[in-house]
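Undergrad: Sharing my_file-v2.txt here; it has compact mmCIF, C-alpha atoms.
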```txt
# COMPACT_ATOMS: atom_id res chain seq x y z
CA MET A 243 23.03 -31.28 24.60
CA PHE A 244 23.18 -27.49 24.69
CA PHE A 245 26.41 -25.82 23.62
CA ARG A 246 27.18 -22.16 24.09
CA HIS A 247 28.47 -20.27 21.09
CA SER A 248 29.69 -16.73 20.70
CA TYR A 249 26.72 -15.77 18.50
CA ASP A 250 24.07 -16.89 21.07
CA LYS A 251 23.86 -13.34 22.43
CA LEU A 252 22.70 -12.20 18.99
CA ILE A 253 20.41 -15.07 18.02
CA TYR A 254 18.28 -15.25 21.19
CA PRO A 255 17.16 -11.60 21.16
CA ILE A 256 16.31 -11.91 17.47
CA ILE A 257 14.18 -15.00 18.17
CA VAL A 258 12.41 -13.22 21.03
CA LEU A 259 11.79 -10.19 18.80
CA ILE A 260 10.33 -12.39 16.05
CA ILE A 261 8.00 -14.11 18.55
CA LEU A 262 6.87 -10.77 20.04
CA THR A 263 6.17 -9.41 16.56
CA ALA A 264 4.17 -12.50 15.56
CA VAL A 265 2.10 -12.32 18.75
CA SER A 266 1.55 -8.54 18.77
CA TYR A 267 0.85 -7.68 15.13
CA ARG A 268 -2.74 -8.87 14.74
CA PRO A 269 -5.71 -8.23 12.52
CA LYS A 270 -8.43 -5.99 13.93
CA TYR A 271 -11.87 -5.75 12.41
CA HIS A 272 -13.74 -2.46 12.11
CA LEU A 273 -17.07 -1.62 10.55
CA ARG A 274 -16.60 -0.05 7.14
CA GLY A 275 -17.11 3.67 6.78
CA ASP A 276 -19.53 3.23 3.91
CA MET A 277 -22.94 2.02 4.97
CA PRO A 278 -24.11 -1.29 3.44
CA PRO A 279 -27.08 -0.90 1.06
CA GLU A 280 -29.03 -3.50 3.07
CA PHE A 281 -28.82 -1.26 6.12
CA SER A 282 -30.23 1.85 4.45
CA ARG A 283 -32.84 0.47 2.06
CA SER A 284 -36.34 1.79 2.63
CA SER A 285 -38.94 -0.84 3.32
CA GLY A 286 -41.98 0.27 1.39
CA LYS A 287 -43.31 3.64 2.52
CA SER A 288 -41.00 5.82 4.54
CA GLN A 289 -41.76 6.29 8.21
CA VAL A 290 -41.21 10.02 7.93
CA GLY A 291 -43.98 10.63 5.42
CA GLY A 292 -42.12 9.49 2.31
CA ASP A 293 -39.12 11.81 2.74
CA ARG A 294 -36.18 9.74 1.47
CA PRO A 295 -33.41 12.28 2.27
CA VAL A 296 -34.51 12.29 5.91
CA ASP A 297 -34.57 8.47 5.88
CA GLN A 298 -31.03 8.45 4.50
CA ARG A 299 -29.84 10.84 7.19
CA ILE A 300 -31.47 8.71 9.90
CA ALA A 301 -29.88 5.57 8.45
CA TRP A 302 -26.46 7.28 8.39
CA ALA A 303 -26.94 8.44 11.97
CA PHE A 304 -27.71 4.90 13.15
CA TRP A 305 -24.77 3.53 11.13
CA GLU A 306 -22.47 6.08 12.78
CA SER A 307 -23.83 5.03 16.17
CA ALA A 308 -22.94 1.44 15.29
CA GLN A 309 -19.44 2.53 14.27
CA MET A 310 -18.82 4.74 17.29
CA ASP A 311 -20.42 2.73 20.07
CA ILE A 312 -21.61 -0.75 19.11
CA GLN A 313 -18.54 -2.19 17.36
CA TRP A 314 -16.41 -1.51 20.45
CA ARG A 315 -18.88 -3.17 22.78
CA TYR A 316 -19.62 -6.18 20.55
CA ALA A 317 -16.62 -7.39 18.59
CA HIS A 318 -16.53 -8.88 15.11
CA GLY A 319 -18.22 -12.28 15.16
CA GLN A 320 -19.86 -11.71 18.53
CA THR A 321 -23.63 -12.15 18.76
CA LEU A 322 -25.68 -8.98 19.10
CA PRO A 323 -28.45 -8.96 21.72
CA PRO A 324 -32.07 -9.14 20.54
CA ASP A 325 -32.90 -5.68 21.88
CA PRO A 326 -30.88 -2.56 21.08
CA PRO A 327 -28.56 -1.37 23.87
CA PRO A 328 -28.87 2.21 25.16
CA GLU A 329 -25.74 3.21 23.21
CA PHE A 330 -27.58 2.63 19.90
CA HIS A 331 -29.33 5.97 19.50
CA VAL A 332 -29.40 9.14 17.42
CA ASP A 333 -29.87 12.84 18.19
CA ALA A 334 -33.53 13.94 17.94
CA LYS A 335 -32.58 17.61 17.64
CA ALA A 336 -30.70 17.11 14.39
CA LEU A 337 -33.00 14.55 12.75
CA GLY A 338 -36.43 15.18 14.21
CA PRO A 339 -38.68 13.16 16.50
CA ALA A 340 -39.17 10.33 13.99
CA ALA A 341 -35.51 9.35 14.40
CA THR A 342 -35.94 8.61 18.09
CA ASP A 343 -39.16 6.66 17.66
CA PRO A 344 -38.70 3.23 19.32
CA SER A 345 -39.98 1.41 16.22
CA THR A 346 -37.41 3.21 14.02
CA ARG A 347 -34.64 2.36 16.46
CA GLN A 348 -35.76 -1.28 16.57
CA MET A 349 -35.94 -1.43 12.75
CA TYR A 350 -32.35 -0.20 12.37
CA TRP A 351 -31.19 -2.54 15.14
CA LYS A 352 -32.67 -5.48 13.20
CA ARG A 353 -30.94 -4.26 10.07
CA LEU A 354 -27.66 -4.00 11.96
CA GLN A 355 -28.14 -7.57 13.16
CA GLN A 356 -28.63 -8.67 9.53
CA VAL A 357 -25.47 -7.01 8.21
CA TRP A 358 -23.33 -7.69 11.31
CA TYR A 359 -22.24 -11.14 10.09
CA VAL A 360 -21.73 -10.21 6.43
CA PRO A 361 -17.96 -10.18 5.68
CA GLU A 362 -18.28 -7.16 3.38
CA THR A 363 -19.52 -5.08 6.34
CA TRP A 364 -16.12 -5.34 8.01
CA GLN A 365 -12.63 -4.28 7.05
CA ARG A 366 -9.56 -5.99 8.42
CA GLN A 367 -6.54 -3.93 9.41
CA TYR A 368 -3.35 -5.20 10.98
CA GLU A 369 -2.38 -3.28 14.10
CA TRP A 370 -0.02 -3.56 17.00
CA ASP A 371 -1.86 -5.04 19.97
CA PHE A 372 -0.09 -5.52 23.29
CA THR A 373 -3.21 -6.29 25.35
CA TRP A 374 -2.02 -9.88 25.66
CA ALA A 375 0.79 -8.68 27.92
CA SER A 376 -1.60 -7.69 30.73
CA ASP A 377 -2.82 -11.29 31.15
CA PRO A 378 -0.70 -13.62 29.02
CA LEU A 379 -2.29 -16.87 30.23
CA SER A 380 -5.87 -15.98 29.34
CA SER A 381 -4.73 -14.33 26.10
CA GLY A 382 -2.79 -17.46 25.17
CA ALA A 383 -5.80 -19.64 25.95
CA ALA A 384 -8.06 -17.41 23.83
CA TRP A 385 -5.56 -17.57 20.97
CA LEU A 386 -5.44 -21.37 21.18
CA ARG A 387 -9.27 -21.56 21.21
CA GLU A 388 -9.43 -19.30 18.15
CA LYS A 389 -6.90 -21.41 16.25
CA ALA A 390 -8.65 -24.65 17.26
CA ASP A 391 -12.00 -23.28 16.07
CA LYS A 392 -10.47 -22.41 12.68
CA ILE A 393 -9.02 -25.90 12.36
CA LEU A 394 -12.26 -27.62 13.36
CA ARG A 395 -14.41 -25.61 10.92
```
Could you write out this structure as structure tokens?
TA:
Amino acid sequence: MFFRHSYDKLIYPIIVLIILTAVSYRPKYHLRGDMPPEFSRSSGKSQVGGDRPVDQRIAWAFWESAQMDIQWRYAHGQTLPPDPPPEFHVDAKALGPAATDPSTRQMYWKRLQQVWYVPETWQRQYEWDFTWASDPLSSGAAWLREKADKILR
């Protein structure tokens, strides 16, 4: 049986606040600022005539493209498509025509696919996230699926 007490007006808001905090303060994953060595390593002879500094700049440019565009489109743990999306590109003016060569772009896309699932590629930061409030039912279902997957692994 439910009894009303004088301190109910204080306890219920505190419980609601605790629940809102637990639901809204979540980990978010972002690609690290430092490029993984596996992403930048040169495979044999350089494609730009053996010029390693240019290769490094091209690798950094593709890594920045992954940070700025790709990680927001494909979340942590999500499968990357086999072919690079249009957002995965670099500026030919700054790096030269070799940077925009389709084979170079494909090579760095394959390298991104290799490092995408490596835990050291990502950093976890806890942030406030109220996106669940726009559609609480689907967000709750996604949360339950995520927790069930962790339990079943």
Undergrad: Excluding A:Ala341 and any residue of its chain fewer than 3 positions from it, enumerate the residues within 9 Å of it, using all atoms listed in the file, and give them as a CSV table (one decimal) with C-alpha atoms, keeping the file's coordinate frame.
TA:
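Below you can see out_36.csv, which holds the result:
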```csv
chain,number,residue,atom,x,y,z
A,290,VAL,CA,-41.2,10.0,7.9
A,297,ASP,CA,-34.6,8.5,5.9
A,300,ILE,CA,-31.5,8.7,9.9
A,303,ALA,CA,-26.9,8.4,12.0
A,331,HIS,CA,-29.3,6.0,19.5
A,332,VAL,CA,-29.4,9.1,17.4
A,333,ASP,CA,-29.9,12.8,18.2
A,334,ALA,CA,-33.5,13.9,17.9
A,337,LEU,CA,-33.0,14.6,12.8
A,338,GLY,CA,-36.4,15.2,14.2
A,344,PRO,CA,-38.7,3.2,19.3
A,346,THR,CA,-37.4,3.2,14.0
A,347,ARG,CA,-34.6,2.4,16.5
```
Undergrad: Interatomic distance between atom CA of A:Ala390 and atom CA of A:Arg268?
TA: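 Straight-line distance from atom CA of A:Ala390 to atom CA of A:Arg268 works out to 17.0 Å.
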Undergrad: Looking at all atoms listed in the file, which of A:Pro323, A:Pro378, A:Pro279, A:Pro295 is the one that sits closest to A:Trp351?
TA: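 Ranking A:Pro323, A:Pro378, A:Pro279, A:Pro295 by distance to A:Trp351, first place goes to A:Pro323.
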Undergrad: To one decimal place, how far is atom CA of A:Trp364 from atom CA of A:His318 in Å?
TA: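 Atom-to-atom, atom CA of A:Trp364 and atom CA of A:His318 are spaced 7.9 Å apart.
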Undergrad: Let me make sure I understand: among A:Val296, A:Leu394, A:Val258, A:Ile253, which one has the smallest atom-to-atom distance to A:Pro339 if we use all atoms listed in the file?
TA: A:Val296
Undergrad: Rank nothing, just name the residue among A:Tyr267, A:Arg246, A:Ser307, A:Pro255 nearest to A:Thr373, using only C-alpha atoms.
TA: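 Nearest to A:Thr373: A:Tyr267.
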Undergrad: Which residue is closest to A:Ala308? Choose from A:Ala384, A:Leu354, A:Val360, A:Ile393 and count all atoms listed in the file.
TA: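 Looking at the shortest contact to A:Ala308, the residue is A:Leu354.
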Undergrad: Between atom CA of A:Phe372 and atom CA of A:Leu262, measure the distance and give it in Å to one decimal.
TA: 9.3 Å
